[in-house]
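Asker: My file is run29.cif. It has mmCIF, C-alpha atoms:
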```cif
data_upload
loop_
_atom_site.label_atom_id
_atom_site.label_comp_id
_atom_site.auth_asym_id
_atom_site.auth_seq_id
_atom_site.Cartn_x
_atom_site.Cartn_y
_atom_site.Cartn_z
CA MET A 1 32.84 20.60 -201.38
CA ILE A 2 30.32 17.93 -200.42
CA SER A 3 29.97 17.20 -196.74
CA PHE A 4 27.71 14.90 -194.76
CA LYS A 5 29.04 15.96 -191.39
CA ASN A 6 26.75 14.73 -188.60
CA LYS A 7 24.09 13.65 -191.12
CA LYS A 8 22.18 10.57 -190.13
CA VAL A 9 21.98 8.20 -193.09
CA LEU A 10 19.62 5.23 -193.12
CA ILE A 11 20.63 2.59 -195.67
CA ILE A 12 18.49 -0.45 -196.51
CA GLY A 13 20.89 -2.94 -198.04
CA ASN A 14 20.41 -5.56 -200.72
CA ASN A 15 21.60 -9.08 -201.30
CA LEU A 16 24.47 -7.99 -203.54
CA GLY A 17 26.15 -5.79 -200.94
CA PHE A 18 25.77 -2.55 -202.88
CA GLU A 19 25.37 -0.68 -199.60
CA LYS A 20 28.99 -1.27 -198.60
CA ASP A 21 30.60 1.31 -200.87
CA ILE A 22 28.01 4.05 -200.28
CA ALA A 23 28.14 3.52 -196.51
CA ILE A 24 31.93 3.91 -196.48
CA LYS A 25 31.84 6.88 -198.86
CA LEU A 26 29.25 8.85 -196.88
CA ASN A 27 30.86 7.91 -193.56
CA ASN A 28 34.21 9.20 -194.84
CA LEU A 29 32.46 12.48 -195.59
CA GLY A 30 31.16 12.75 -192.04
CA ALA A 31 27.89 10.79 -191.98
CA ASN A 32 26.62 8.48 -189.24
CA ILE A 33 25.28 5.30 -190.79
CA LEU A 34 22.25 3.30 -189.70
CA LEU A 35 22.35 0.08 -191.68
CA ILE A 36 19.40 -2.27 -192.02
CA ASN A 37 19.60 -5.54 -193.94
CA GLU A 38 19.17 -9.27 -193.66
CA ASN A 39 22.79 -10.28 -194.09
CA GLU A 40 24.20 -9.89 -190.61
CA SER A 41 27.77 -10.91 -191.40
CA LEU A 42 27.98 -8.41 -194.26
CA ALA A 43 26.47 -5.70 -192.06
CA LYS A 44 29.01 -6.36 -189.33
CA GLU A 45 31.83 -6.29 -191.87
CA ILE A 46 30.63 -2.91 -193.19
CA LEU A 47 30.23 -1.55 -189.68
CA SER A 48 33.81 -2.51 -188.84
CA LEU A 49 35.00 -0.40 -191.77
CA LEU A 50 33.20 2.76 -190.62
CA GLN A 51 34.68 5.55 -188.54
CA GLY A 52 33.12 6.97 -185.37
CA ASP A 53 30.88 5.56 -182.66
CA ASN A 54 27.51 6.61 -184.05
CA ASN A 55 27.06 3.90 -186.67
CA LYS A 56 24.59 1.11 -186.08
CA TYR A 57 23.22 -2.09 -187.60
CA LEU A 58 19.68 -3.39 -187.23
CA ASN A 59 18.05 -6.54 -188.51
CA PHE A 60 14.63 -6.36 -190.18
CA THR A 61 13.19 -8.44 -187.36
CA ASN A 62 13.68 -5.67 -184.80
CA ILE A 63 10.62 -3.71 -185.90
CA LYS A 64 10.21 -1.76 -182.67
CA ASP A 65 13.88 -0.94 -182.66
CA ILE A 66 13.71 0.22 -186.26
CA GLU A 67 10.76 2.53 -185.64
CA ASN A 68 12.62 4.23 -182.82
CA SER A 69 15.94 4.33 -184.62
CA VAL A 70 14.85 6.03 -187.85
CA GLU A 71 13.89 9.21 -186.01
CA ASN A 72 15.67 12.34 -187.30
CA THR A 73 17.05 10.63 -190.38
CA ASP A 74 18.56 13.15 -192.83
CA ILE A 75 19.14 10.79 -195.75
CA TYR A 76 17.36 7.53 -196.56
CA ILE A 77 18.82 5.24 -199.24
CA HIS A 78 16.88 2.11 -200.20
CA PHE A 79 18.43 -0.62 -202.33
CA ALA A 80 15.74 -2.84 -203.81
CA ASP A 81 16.73 -5.92 -205.73
CA GLU A 82 14.38 -8.69 -204.69
CA GLN A 83 13.44 -10.47 -207.87
CA ILE A 84 12.58 -13.72 -209.66
CA ASP A 85 13.85 -14.12 -213.20
CA ASN A 86 11.71 -17.06 -214.23
CA LEU A 87 8.05 -16.42 -215.00
CA TYR A 88 7.12 -20.02 -214.18
CA LEU A 89 8.51 -19.74 -210.65
CA ILE A 90 6.29 -16.79 -209.81
CA ASP A 91 3.14 -17.31 -207.78
CA HIS A 92 0.99 -14.91 -205.82
CA ASN A 93 2.90 -15.33 -202.55
CA LYS A 94 6.28 -14.81 -204.14
CA LEU A 95 5.01 -11.77 -206.01
CA GLN A 96 3.59 -10.37 -202.79
CA ASN A 97 6.89 -11.00 -201.03
CA ILE A 98 8.86 -9.19 -203.72
CA PHE A 99 6.49 -6.25 -203.65
CA ASN A 100 6.67 -6.08 -199.86
CA LYS A 101 10.45 -6.01 -199.81
CA ASN A 102 10.93 -3.65 -202.72
CA VAL A 103 8.02 -1.25 -202.51
CA THR A 104 5.87 -1.60 -199.38
CA SER A 105 8.83 -1.45 -197.02
CA TYR A 106 10.14 1.59 -198.91
CA ILE A 107 6.84 3.43 -198.47
CA ASN A 108 6.62 2.39 -194.84
CA PHE A 109 10.09 3.69 -194.09
CA ILE A 110 9.26 7.03 -195.70
CA LYS A 111 6.08 7.18 -193.64
CA ALA A 112 7.94 6.28 -190.46
CA ILE A 113 10.66 8.87 -191.03
CA SER A 114 8.31 11.62 -192.12
CA SER A 115 5.46 11.04 -189.69
CA LYS A 116 4.43 14.03 -187.65
CA LYS A 117 6.21 12.66 -184.58
CA GLN A 118 9.54 12.93 -186.33
CA ASP A 119 11.61 16.05 -186.78
CA VAL A 120 11.94 16.20 -190.56
CA ASN A 121 14.47 18.64 -191.89
CA ASN A 122 15.56 18.49 -195.50
CA LEU A 123 15.14 14.74 -195.78
CA SER A 124 16.61 13.31 -198.96
CA VAL A 125 15.36 9.91 -200.12
CA LEU A 126 16.99 7.80 -202.82
CA TYR A 127 15.55 4.55 -204.21
CA ILE A 128 18.08 2.43 -206.07
CA SER A 129 17.11 -0.50 -208.23
CA SER A 130 17.63 -2.12 -211.58
CA ASN A 131 16.08 -0.39 -214.55
CA SER A 132 13.38 -2.78 -215.55
CA ASN A 133 12.26 -4.90 -212.65
CA GLN A 134 11.44 -2.09 -210.25
CA ILE A 135 9.66 0.37 -212.48
CA SER A 136 6.90 0.88 -209.93
CA GLY A 137 9.34 1.86 -207.21
CA LEU A 138 11.48 4.01 -209.47
CA ASN A 139 8.49 5.86 -210.87
CA MET A 140 7.14 6.81 -207.48
CA SER A 141 9.82 9.42 -206.89
CA LYS A 142 8.00 12.30 -208.59
CA THR A 143 4.65 11.49 -207.03
CA LEU A 144 6.17 11.15 -203.58
CA SER A 145 8.14 14.36 -204.05
CA LEU A 146 5.06 16.31 -205.07
CA GLU A 147 3.26 15.14 -201.96
CA LEU A 148 6.19 15.52 -199.56
CA PHE A 149 8.06 18.55 -200.86
CA GLU A 150 6.15 20.89 -198.53
CA LYS A 151 7.81 18.99 -195.69
CA ASN A 152 11.25 19.59 -197.20
CA ILE A 153 11.46 15.99 -198.38
CA ARG A 154 12.78 15.25 -201.85
CA VAL A 155 12.68 11.78 -203.35
CA ASN A 156 14.77 10.57 -206.29
CA SER A 157 15.59 7.24 -207.90
CA LEU A 158 18.68 5.70 -209.37
CA ALA A 159 18.07 3.10 -212.08
CA ILE A 160 20.83 0.59 -212.73
CA ASP A 161 20.75 -0.84 -216.23
CA ASN A 162 19.17 -4.26 -216.05
CA LYS A 163 22.00 -5.93 -217.95
CA TYR A 164 24.19 -5.65 -214.84
CA LYS A 165 21.94 -8.11 -213.06
CA TYR A 166 23.24 -10.78 -215.39
CA ASP A 167 26.80 -9.51 -215.52
CA PHE A 168 27.18 -9.15 -211.78
CA ASN A 169 30.26 -10.89 -210.43
CA GLU A 170 33.16 -10.36 -208.07
CA ASN A 171 34.60 -7.80 -210.50
CA SER A 172 31.63 -5.53 -210.13
CA ASN A 173 33.29 -3.17 -207.65
CA GLU A 174 33.55 -0.61 -210.39
CA LEU A 175 29.78 -0.66 -210.86
CA MET A 176 29.23 -0.32 -207.12
CA GLN A 177 31.56 2.66 -207.04
CA ARG A 178 29.69 4.26 -209.90
CA VAL A 179 26.38 3.74 -208.13
CA SER A 180 27.70 5.07 -204.84
CA SER A 181 29.33 8.11 -206.47
CA MET A 182 26.12 9.08 -208.22
CA ALA A 183 24.07 8.32 -205.11
CA SER A 184 26.28 10.42 -202.85
CA TYR A 185 25.89 13.37 -205.21
CA ILE A 186 22.10 13.11 -205.49
CA VAL A 187 21.51 12.93 -201.73
CA SER A 188 23.84 15.86 -201.03
CA GLU A 189 22.74 19.44 -200.36
CA ASN A 190 24.28 20.44 -203.69
CA ALA A 191 21.57 18.50 -205.49
CA LYS A 192 18.67 20.23 -203.75
CA PHE A 193 17.08 21.22 -207.08
CA ILE A 194 17.01 17.58 -208.21
CA VAL A 195 13.56 16.46 -207.13
CA GLY A 196 11.59 13.39 -208.18
CA GLU A 197 14.02 12.35 -210.91
CA ILE A 198 15.13 8.94 -212.13
CA TYR A 199 18.84 9.14 -212.89
CA LYS A 200 20.33 6.24 -214.78
CA ILE A 201 23.50 4.20 -214.43
CA ASN A 202 24.20 2.66 -217.79
CA MET B 1 35.54 14.96 -202.82
CA PHE B 2 36.11 16.05 -206.41
CA ASN B 3 39.71 16.31 -207.41
CA LEU B 4 40.36 18.57 -210.38
CA VAL B 5 43.79 19.80 -209.32
CA ASN B 6 45.86 20.82 -212.34
CA LYS B 7 43.22 19.51 -214.74
CA LYS B 8 43.14 21.69 -217.84
CA ILE B 9 39.54 22.50 -218.68
CA LEU B 10 38.05 24.64 -221.45
CA ILE B 11 34.91 26.58 -220.55
CA MET B 12 32.97 27.75 -223.58
CA GLY B 13 30.49 30.50 -222.78
CA ALA B 14 32.40 31.49 -219.65
CA THR B 15 30.91 34.99 -219.72
CA GLY B 16 27.37 33.76 -219.04
CA TYR B 17 25.56 33.37 -215.73
CA ILE B 18 26.36 29.66 -215.47
CA GLY B 19 29.71 29.79 -217.28
CA LYS B 20 31.12 32.34 -214.85
CA GLN B 21 30.06 30.27 -211.84
CA VAL B 22 31.58 27.16 -213.44
CA ALA B 23 34.86 29.08 -213.71
CA LEU B 24 34.72 30.09 -210.04
CA THR B 25 33.83 26.56 -208.87
CA LEU B 26 36.45 24.76 -210.98
CA ASP B 27 39.06 27.35 -209.93
CA SER B 28 38.28 26.58 -206.28
CA LEU B 29 38.90 22.88 -207.05
CA GLY B 30 42.35 23.57 -208.44
CA ALA B 31 41.65 23.25 -212.17
CA LYS B 32 43.62 25.16 -214.80
CA LEU B 33 41.10 26.96 -216.93
CA ILE B 34 40.85 28.23 -220.46
CA LEU B 35 38.05 30.77 -220.42
CA SER B 36 36.36 31.48 -223.70
CA GLY B 37 33.49 33.62 -224.86
CA LYS B 38 32.84 36.55 -227.15
CA ASN B 39 33.38 39.43 -224.75
CA GLU B 40 37.06 39.83 -223.83
CA ALA B 41 36.37 42.54 -221.25
CA ILE B 42 34.04 40.28 -219.27
CA LEU B 43 36.48 37.36 -219.59
CA ASN B 44 39.16 39.60 -218.08
CA GLU B 45 36.87 40.52 -215.19
CA ILE B 46 36.22 36.83 -214.47
CA LEU B 47 39.91 35.97 -214.75
CA PHE B 48 40.62 38.69 -212.19
CA GLU B 49 38.18 37.02 -209.75
CA LEU B 50 39.87 33.63 -209.93
CA LYS B 51 42.17 32.78 -207.05
CA GLY B 52 44.31 30.05 -208.64
CA ASN B 53 47.12 30.38 -211.15
CA GLY B 54 47.68 29.03 -214.62
CA HIS B 55 44.41 30.21 -216.14
CA TYR B 56 44.18 31.72 -219.61
CA LEU B 57 41.54 33.45 -221.61
CA LEU B 58 41.01 33.02 -225.30
CA PRO B 59 38.11 35.02 -226.75
CA PHE B 60 36.30 33.27 -229.55
CA ASP B 61 33.02 33.62 -231.38
CA VAL B 62 31.62 30.17 -232.16
CA GLU B 63 29.84 31.59 -235.20
CA ASN B 64 33.29 31.35 -236.83
CA ILE B 65 32.76 27.63 -237.03
CA ASP B 66 35.42 27.06 -239.70
CA ASP B 67 38.03 28.43 -237.32
CA ILE B 68 37.20 26.12 -234.38
CA SER B 69 39.92 23.65 -235.35
CA ASN B 70 42.60 26.37 -235.16
CA PHE B 71 41.09 27.68 -231.95
CA MET B 72 41.42 24.26 -230.29
CA LYS B 73 45.03 23.93 -231.49
CA LYS B 74 45.81 27.33 -229.97
CA ILE B 75 44.45 26.13 -226.62
CA VAL B 76 46.98 23.29 -226.54
CA ALA B 77 49.75 25.57 -227.79
CA ILE B 78 49.19 28.05 -224.92
CA ASP B 79 51.05 25.87 -222.42
CA GLY B 80 51.80 22.70 -224.38
CA ASN B 81 49.29 20.67 -222.37
CA LYS B 82 46.28 18.77 -223.67
CA LEU B 83 42.78 19.35 -222.36
CA PHE B 84 41.23 17.17 -219.66
CA GLY B 85 37.77 18.66 -219.86
CA LEU B 86 35.31 20.67 -221.90
CA VAL B 87 32.29 22.51 -220.53
CA TYR B 88 29.96 23.81 -223.21
CA CYS B 89 27.82 26.62 -221.79
CA THR B 90 27.63 28.64 -224.99
CA GLY B 91 24.11 29.36 -226.07
CA ILE B 92 21.50 31.94 -226.94
CA PHE B 93 17.85 31.68 -225.96
CA PRO B 94 15.75 34.22 -227.81
CA ILE B 95 11.96 34.05 -227.48
CA ARG B 96 10.35 34.18 -230.91
CA PRO B 97 6.98 32.84 -232.12
CA LEU B 98 6.63 30.48 -235.05
CA LYS B 99 5.54 33.22 -237.48
CA ASN B 100 8.88 35.00 -236.93
CA THR B 101 11.03 31.87 -236.85
CA LYS B 102 12.49 32.28 -240.31
CA ILE B 103 15.30 30.23 -241.77
CA ASP B 104 18.09 32.75 -241.10
CA PHE B 105 17.14 33.01 -237.46
CA LEU B 106 16.79 29.24 -237.09
CA HIS B 107 20.09 28.61 -238.83
CA ASN B 108 21.97 31.15 -236.72
CA LEU B 109 20.60 29.72 -233.49
CA MET B 110 21.43 26.15 -234.52
CA LEU B 111 24.91 27.33 -235.51
CA ILE B 112 25.62 28.69 -232.04
CA ASN B 113 23.72 26.18 -229.89
CA PHE B 114 24.33 22.98 -231.83
CA TYR B 115 26.60 22.98 -234.90
CA SER B 116 29.45 24.66 -233.05
CA PHE B 117 28.94 22.29 -230.11
CA ILE B 118 29.45 19.31 -232.41
CA GLU B 119 32.43 20.92 -234.10
CA ILE B 120 34.09 21.69 -230.77
CA VAL B 121 33.47 18.14 -229.50
CA ARG B 122 34.83 16.77 -232.79
CA CYS B 123 38.03 18.82 -232.47
CA PHE B 124 38.30 18.20 -228.72
CA SER B 125 38.19 14.44 -229.17
CA ASP B 126 41.32 14.50 -231.36
CA LYS B 127 44.07 12.71 -229.41
CA ARG B 128 46.36 15.70 -230.05
CA ILE B 129 43.89 17.96 -228.24
CA CYS B 130 42.52 15.97 -225.29
CA GLU B 131 44.03 13.64 -222.72
CA GLU B 132 43.09 10.01 -222.17
CA LYS B 133 39.98 9.72 -219.99
CA ALA B 134 38.79 13.20 -220.86
CA SER B 135 35.37 14.49 -219.92
CA ILE B 136 32.77 16.68 -221.61
CA VAL B 137 29.75 18.31 -220.00
CA SER B 138 27.24 20.29 -222.03
CA LEU B 139 24.51 22.53 -220.82
CA SER B 140 21.18 21.56 -222.26
CA SER B 141 17.78 22.71 -221.04
CA ILE B 142 14.45 21.32 -219.94
CA ALA B 143 13.17 23.11 -223.07
CA SER B 144 14.54 20.18 -225.07
CA ILE B 145 11.69 18.01 -223.81
CA ASN B 146 9.09 20.57 -222.79
CA GLY B 147 9.63 23.97 -224.36
CA GLU B 148 7.32 26.92 -223.85
CA LYS B 149 5.68 29.13 -226.45
CA GLY B 150 8.30 31.11 -228.35
CA GLN B 151 11.06 28.58 -227.64
CA LEU B 152 10.70 26.66 -230.90
CA ALA B 153 14.23 27.22 -232.18
CA TYR B 154 15.84 27.04 -228.75
CA SER B 155 14.02 23.81 -227.86
CA ALA B 156 14.98 22.27 -231.18
CA SER B 157 18.64 23.13 -230.67
CA LYS B 158 18.70 21.61 -227.18
CA GLY B 159 16.79 18.57 -228.42
CA ALA B 160 19.45 18.12 -231.08
CA MET B 161 22.14 18.41 -228.45
CA ASP B 162 20.48 15.79 -226.21
CA SER B 163 20.00 13.37 -229.09
CA SER B 164 23.63 13.73 -230.04
CA ILE B 165 24.85 12.96 -226.50
CA LYS B 166 23.88 9.28 -226.77
CA VAL B 167 25.62 8.87 -230.12
CA LEU B 168 28.69 10.82 -229.05
CA ALA B 169 28.98 8.74 -225.87
CA LYS B 170 29.02 5.54 -227.92
CA GLU B 171 31.52 6.89 -230.44
CA LEU B 172 33.81 8.45 -227.85
CA SER B 173 33.81 5.53 -225.40
CA SER B 174 36.58 3.84 -227.40
CA LYS B 175 38.72 6.89 -226.63
CA ASN B 176 37.74 6.78 -222.95
CA ILE B 177 35.99 10.13 -223.25
CA LYS B 178 32.79 10.53 -221.26
CA ILE B 179 30.11 13.02 -222.24
CA ASN B 180 27.00 14.05 -220.34
CA SER B 181 24.59 16.94 -220.29
CA ILE B 182 22.60 18.73 -217.63
CA ARG B 183 19.05 19.86 -218.32
CA PRO B 184 18.12 22.59 -215.87
CA ALA B 185 14.70 24.20 -215.74
CA ALA B 186 14.67 27.89 -214.82
CA LEU B 187 17.57 29.89 -213.46
CA LEU B 188 17.28 33.56 -212.55
CA PRO B 189 20.37 35.80 -212.65
CA GLU B 190 20.45 38.48 -209.93
CA ASP B 191 20.13 41.32 -212.43
CA ILE B 192 16.83 40.04 -213.86
CA LEU B 193 13.62 40.74 -211.95
CA PHE B 194 11.14 37.90 -211.63
CA ASP B 195 8.30 40.22 -212.69
CA ASN B 196 10.11 41.02 -215.94
CA LEU B 197 10.29 37.37 -217.00
CA PRO B 198 7.89 36.05 -219.63
CA GLU B 199 4.74 34.66 -218.02
CA ALA B 200 5.55 31.09 -219.06
CA ILE B 201 8.96 31.21 -217.32
CA GLN B 202 7.37 32.72 -214.19
CA ASP B 203 4.89 29.87 -214.23
CA THR B 204 7.72 27.34 -214.61
CA ILE B 205 9.55 28.77 -211.60
CA ASN B 206 6.38 28.71 -209.53
CA ARG B 207 5.71 25.09 -210.43
CA MET B 208 9.27 24.08 -209.53
CA GLN B 209 8.51 24.96 -205.87
CA THR B 210 12.25 25.08 -205.14
CA GLY B 211 12.72 28.62 -206.41
CA PRO B 212 14.99 29.31 -209.38
CA ILE B 213 17.92 26.92 -209.66
CA SER B 214 21.16 28.40 -208.37
CA ASN B 215 24.09 28.56 -210.74
CA LYS B 216 26.30 27.24 -207.92
CA SER B 217 24.29 24.03 -207.83
CA ILE B 218 24.68 23.55 -211.60
CA ALA B 219 28.39 24.36 -211.43
CA THR B 220 28.89 21.76 -208.69
CA GLN B 221 27.08 19.15 -210.77
CA ILE B 222 29.32 20.01 -213.73
CA ALA B 223 32.37 19.59 -211.49
CA PHE B 224 31.03 16.22 -210.36
CA LEU B 225 30.51 15.06 -213.95
CA LEU B 226 33.98 16.27 -214.98
CA SER B 227 35.73 14.56 -212.10
CA GLU B 228 36.95 11.00 -211.80
CA TYR B 229 34.29 10.60 -209.15
CA SER B 230 31.77 10.06 -211.96
CA ASN B 231 33.97 7.77 -214.05
CA ASN B 232 32.18 5.66 -216.64
CA ILE B 233 28.96 7.62 -216.33
CA THR B 234 28.42 8.69 -219.91
CA GLY B 235 25.70 9.43 -222.44
CA GLN B 236 23.29 10.73 -219.82
CA TYR B 237 21.26 13.90 -219.50
CA PHE B 238 20.50 14.90 -215.96
CA ASP B 239 17.28 16.78 -215.31
CA VAL B 240 17.37 19.46 -212.64
CA ARG B 241 13.86 20.86 -212.40
CA GLY B 242 12.51 20.82 -208.86
CA CYS B 243 8.93 19.57 -208.67
CA LEU B 244 8.20 20.12 -212.36
CA ILE B 245 6.65 17.12 -214.03
#
```
Go ahead and express the file in the form of structure tokens.
Answerer:
Amino acid sequence: MISFKNKKVLIIGNNLGFEKDIAIKLNNLGANILLINENESLAKEILSLLQGDNNKYLNFTNIKDIENSVENTDIYIHFADEQIDNLYLIDHNKLQNIFNKNVTSYINFIKAISSKKQDVNNLSVLYISSNSNQISGLNMSKTLSLELFEKNIRVNSLAIDNKYKYDFNENSNELMQRVSSMASYIVSENAKFIVGEIYKIN
Amino acid sequence: MFNLVNKKILIMGATGYIGKQVALTLDSLGAKLILSGKNEAILNEILFELKGNGHYLLPFDVENIDDISNFMKKIVAIDGNKLFGLVYCTGIFPIRPLKNTKIDFLHNLMLINFYSFIEIVRCFSDKRICEEKASIVSLSSIASINGEKGQLAYSASKGAMDSSIKVLAKELSSKNIKINSIRPAALLPEDILFDNLPEAIQDTINRMQTGPISNKSIATQIAFLLSEYSNNITGQYFDVRGCLI
């Protein structure tokens, strides 16, 4: 019923490894995965679990490589979870760093994928973050969709209830599965009328 | 991806534009369906179109709210099996301005769109009627948060439905029953011309930019929310409205 056959899926991972389940799920349904994150050992582990020869891992440091590799992406999933819980540990530099990782990089990837040089065809973008700490990123989905819909790009967000940040432990596979199930539905062709929404995982 | 093989699912409002497509989609996924609605002739036509076996039809008018309990018992008695799922597509959506929204009209609309929904969910959630880990999906509308002129009663009924979803999810979680609703913007059945739609609905469709929502897309989302694939997702309403703000 839902197929991702030959779809190129770009996934920006997070520190909690949420990208693992969605990468496997979409790959099982036919997708080729391009994985970008900082945790190389996790990325290699995920890659070893994927089927086919068209899956790839890139580190954030390979900027040139990334710019070339994101061409013709069909689905872009961005996990954003960079955060500081303690107000007194926050300074301007740390705040800037968080914003860069969670929001600026997200916008830059959308720009890179959708730039005129790229062949954009029904691009589906999904921003996944916790409910409270990434409101700016989550709330951009409608604005971005309104601007980009003429190019057949739809942008949605998935908000994970903030309480999970504190509950997260090795038994959180069930939460990851829930996130990846909902994500795989939203980015599919079946959800083409879902545009600029923030769906919640509670 | 979604496995609904041999899952017994009740579709209320199966004769409607969405309800019929839900029947066709769930049938293609191997579910065993109980089709219900007011018009038996149309139910028979839909049943004839289904490819799988083990489906039944049971005409029922939800205005007979006192009889819903018996109706639900009959559904179990048909084959001795409990229900896995409930899809509530029953609803009327008359356009009527405030000056004509009198109490009888308001009451009748709430009876069909909301009171009967609650009564069916109440009866469904009885452990003699539904299985463990059952699932409910109701069809709400974007009108619940942003109705147009003339949709006063309809918007209120869908708003009531949406408000109840949160409470029902909390109450039913102890029984492992999940409940969610979908809030589509404008759909357009093939037999209705765009030019014949009220101006406000035409404007809504234009602002969506995606064109009218297809019933297949809604039916697939309902299948997703019924299936184990969406386990533990409960108490949510999912907007489907294109580029509408």
Asker: Find the residues around A:Phe149 up to 12 Å (all atoms listed in the file counted), leave out those fewer than 2 positions away in its own chain, and share them as number ranges by chain.
Answerer: A: 114, 120-125, 141-147, 151-156, 192-196; B: 207-210, 242-244
Asker: Give me the residues within 10 Å of B:Ser116 as a PyMOL selection string, counting all atoms listed in the file and dropping any in the same chain fewer than 5 places off.
Answerer: chain B and resi 61-66+68+88+90-91+110-111+121-122
Asker: Any chance you can output those residues with C-alpha atoms as a compact mmCIF listing (two decimals), in the frame of the given file?
Answerer:
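The resulting file, part_34.txt, is reproduced below:
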```
# COMPACT_ATOMS: atom_id res chain seq x y z
CA ASP B 61 33.02 33.62 -231.38
CA VAL B 62 31.62 30.17 -232.16
CA GLU B 63 29.84 31.59 -235.20
CA ASN B 64 33.29 31.35 -236.83
CA ILE B 65 32.76 27.63 -237.03
CA ASP B 66 35.42 27.06 -239.70
CA ILE B 68 37.20 26.12 -234.38
CA TYR B 88 29.96 23.81 -223.21
CA THR B 90 27.63 28.64 -224.99
CA GLY B 91 24.11 29.36 -226.07
CA MET B 110 21.43 26.15 -234.52
CA LEU B 111 24.91 27.33 -235.51
CA VAL B 121 33.47 18.14 -229.50
CA ARG B 122 34.83 16.77 -232.79
```
Asker: Work out how far atom CA of B:Asn53 is from atom CA of B:Ile182, in Å to one decimal.
Answerer: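 The value is 27.9 Å.
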Asker: Mind pulling up the distance from atom CA of B:Thr220 to atom CA of A:Gly13?
Answerer: 28.1 Å
Asker: Exactly which residues make up the result of the PyMOL selection byres ((chain A and resi 179-185) around 10) on this file, given as number ranges by chain?
Answerer: A: 2-4, 18-26, 29, 77, 126-128, 156-160, 173-178, 186-191, 199-202; B: 1, 220-221, 224-225, 228-231, 233
Asker: For the provided coordinates, the residues matched by the PyMOL selection byres ((chain B and resi 195-205) around 12) should be stated as a PyMOL selection string.
Answerer: (chain A and resi 193) or (chain B and resi 94-96+142-143+146-151+184-189+191-194+206-213+241-245)
Asker: Using all atoms listed in the file, which protein or nucleic acid residues come within 9 Å of B:Ser69? Drop anything in the same chain fewer than 6 positions from it, and give the result as a compact mmCIF listing (two decimals) with C-alpha atoms, in the coordinates of the input.
Answerer:
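Below is the file that was written, selection_8.txt:
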```txt
# COMPACT_ATOMS: atom_id res chain seq x y z
CA GLU B 119 32.43 20.92 -234.10
CA ILE B 120 34.09 21.69 -230.77
CA ARG B 122 34.83 16.77 -232.79
CA CYS B 123 38.03 18.82 -232.47
CA PHE B 124 38.30 18.20 -228.72
```
Asker: So, counting only C-alpha atoms, which residue among B:Ile42, B:Ala223, B:Leu50, B:Ala156 is closest to chain A?
Answerer: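 Using only C-alpha atoms, chain A sits closest to B:Ala223.
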Asker: For the point (18.5, -7.3, -189.2) in file coordinates, what residues are within 6 Å, counting only C-alpha atoms? Give the answer as JSON, numbers by chain?
Answerer: {"A": [36, 37, 38, 58, 59, 60, 61]}
Asker: Pick the closest to B:Ser217 from B:Phe60, B:Gln21, B:His55, B:Asp79: which is it, counting only C-alpha atoms?
Answerer: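 Answer, going by the shortest atom-to-atom distance: B:Gln21.
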Asker: Taking the file as shown, find all residues satisfying the PyMOL selection byres ((chain A and resi 81-94) around 10) and write them as a compact mmCIF listing (two decimals) with C-alpha atoms, in the coordinates of the input.
Answerer:
```txt
# COMPACT_ATOMS: atom_id res chain seq x y z
CA GLY A 13 20.89 -2.94 -198.04
CA ASN A 14 20.41 -5.56 -200.72
CA ASN A 15 21.60 -9.08 -201.30
CA LEU A 16 24.47 -7.99 -203.54
CA HIS A 78 16.88 2.11 -200.20
CA PHE A 79 18.43 -0.62 -202.33
CA ALA A 80 15.74 -2.84 -203.81
CA LEU A 95 5.01 -11.77 -206.01
CA GLN A 96 3.59 -10.37 -202.79
CA ASN A 97 6.89 -11.00 -201.03
CA ILE A 98 8.86 -9.19 -203.72
CA PHE A 99 6.49 -6.25 -203.65
CA ASN A 100 6.67 -6.08 -199.86
CA LYS A 101 10.45 -6.01 -199.81
CA ASN A 102 10.93 -3.65 -202.72
CA ILE A 128 18.08 2.43 -206.07
CA SER A 129 17.11 -0.50 -208.23
CA SER A 130 17.63 -2.12 -211.58
CA ASN A 133 12.26 -4.90 -212.65
CA GLN A 134 11.44 -2.09 -210.25
CA LYS A 165 21.94 -8.11 -213.06
```
Asker: Atom CA of B:Lys175 and atom CA of B:Leu57 are how many Å apart?
Answerer: 27.2 Å
Asker: Which residue, B:Glu190, B:Arg183, B:Met72, B:Lys38, has the smallest gap to chain A when you use only C-alpha atoms?
Answerer: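 Using only C-alpha atoms, the shortest distance to chain A belongs to B:Arg183.
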Asker: Select, counting all atoms listed in the file, all protein, DNA and RNA residues no farther than 12 Å from (23.5, 1.4, -188.4) in file coordinates, and express the selection as a ChimeraX atom specification.
Answerer: /A:8-13,19-20,23-24,27,31-37,40,43-48,50-60,65-66,69-70,73,76
Asker: Considering all atoms listed in the file, can you say which of B:Val137, B:Leu4, B:Leu29, B:Ile11 comes closest to chain A?
Answerer: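 Among the listed residues, the smallest separation from chain A belongs to B:Leu29.
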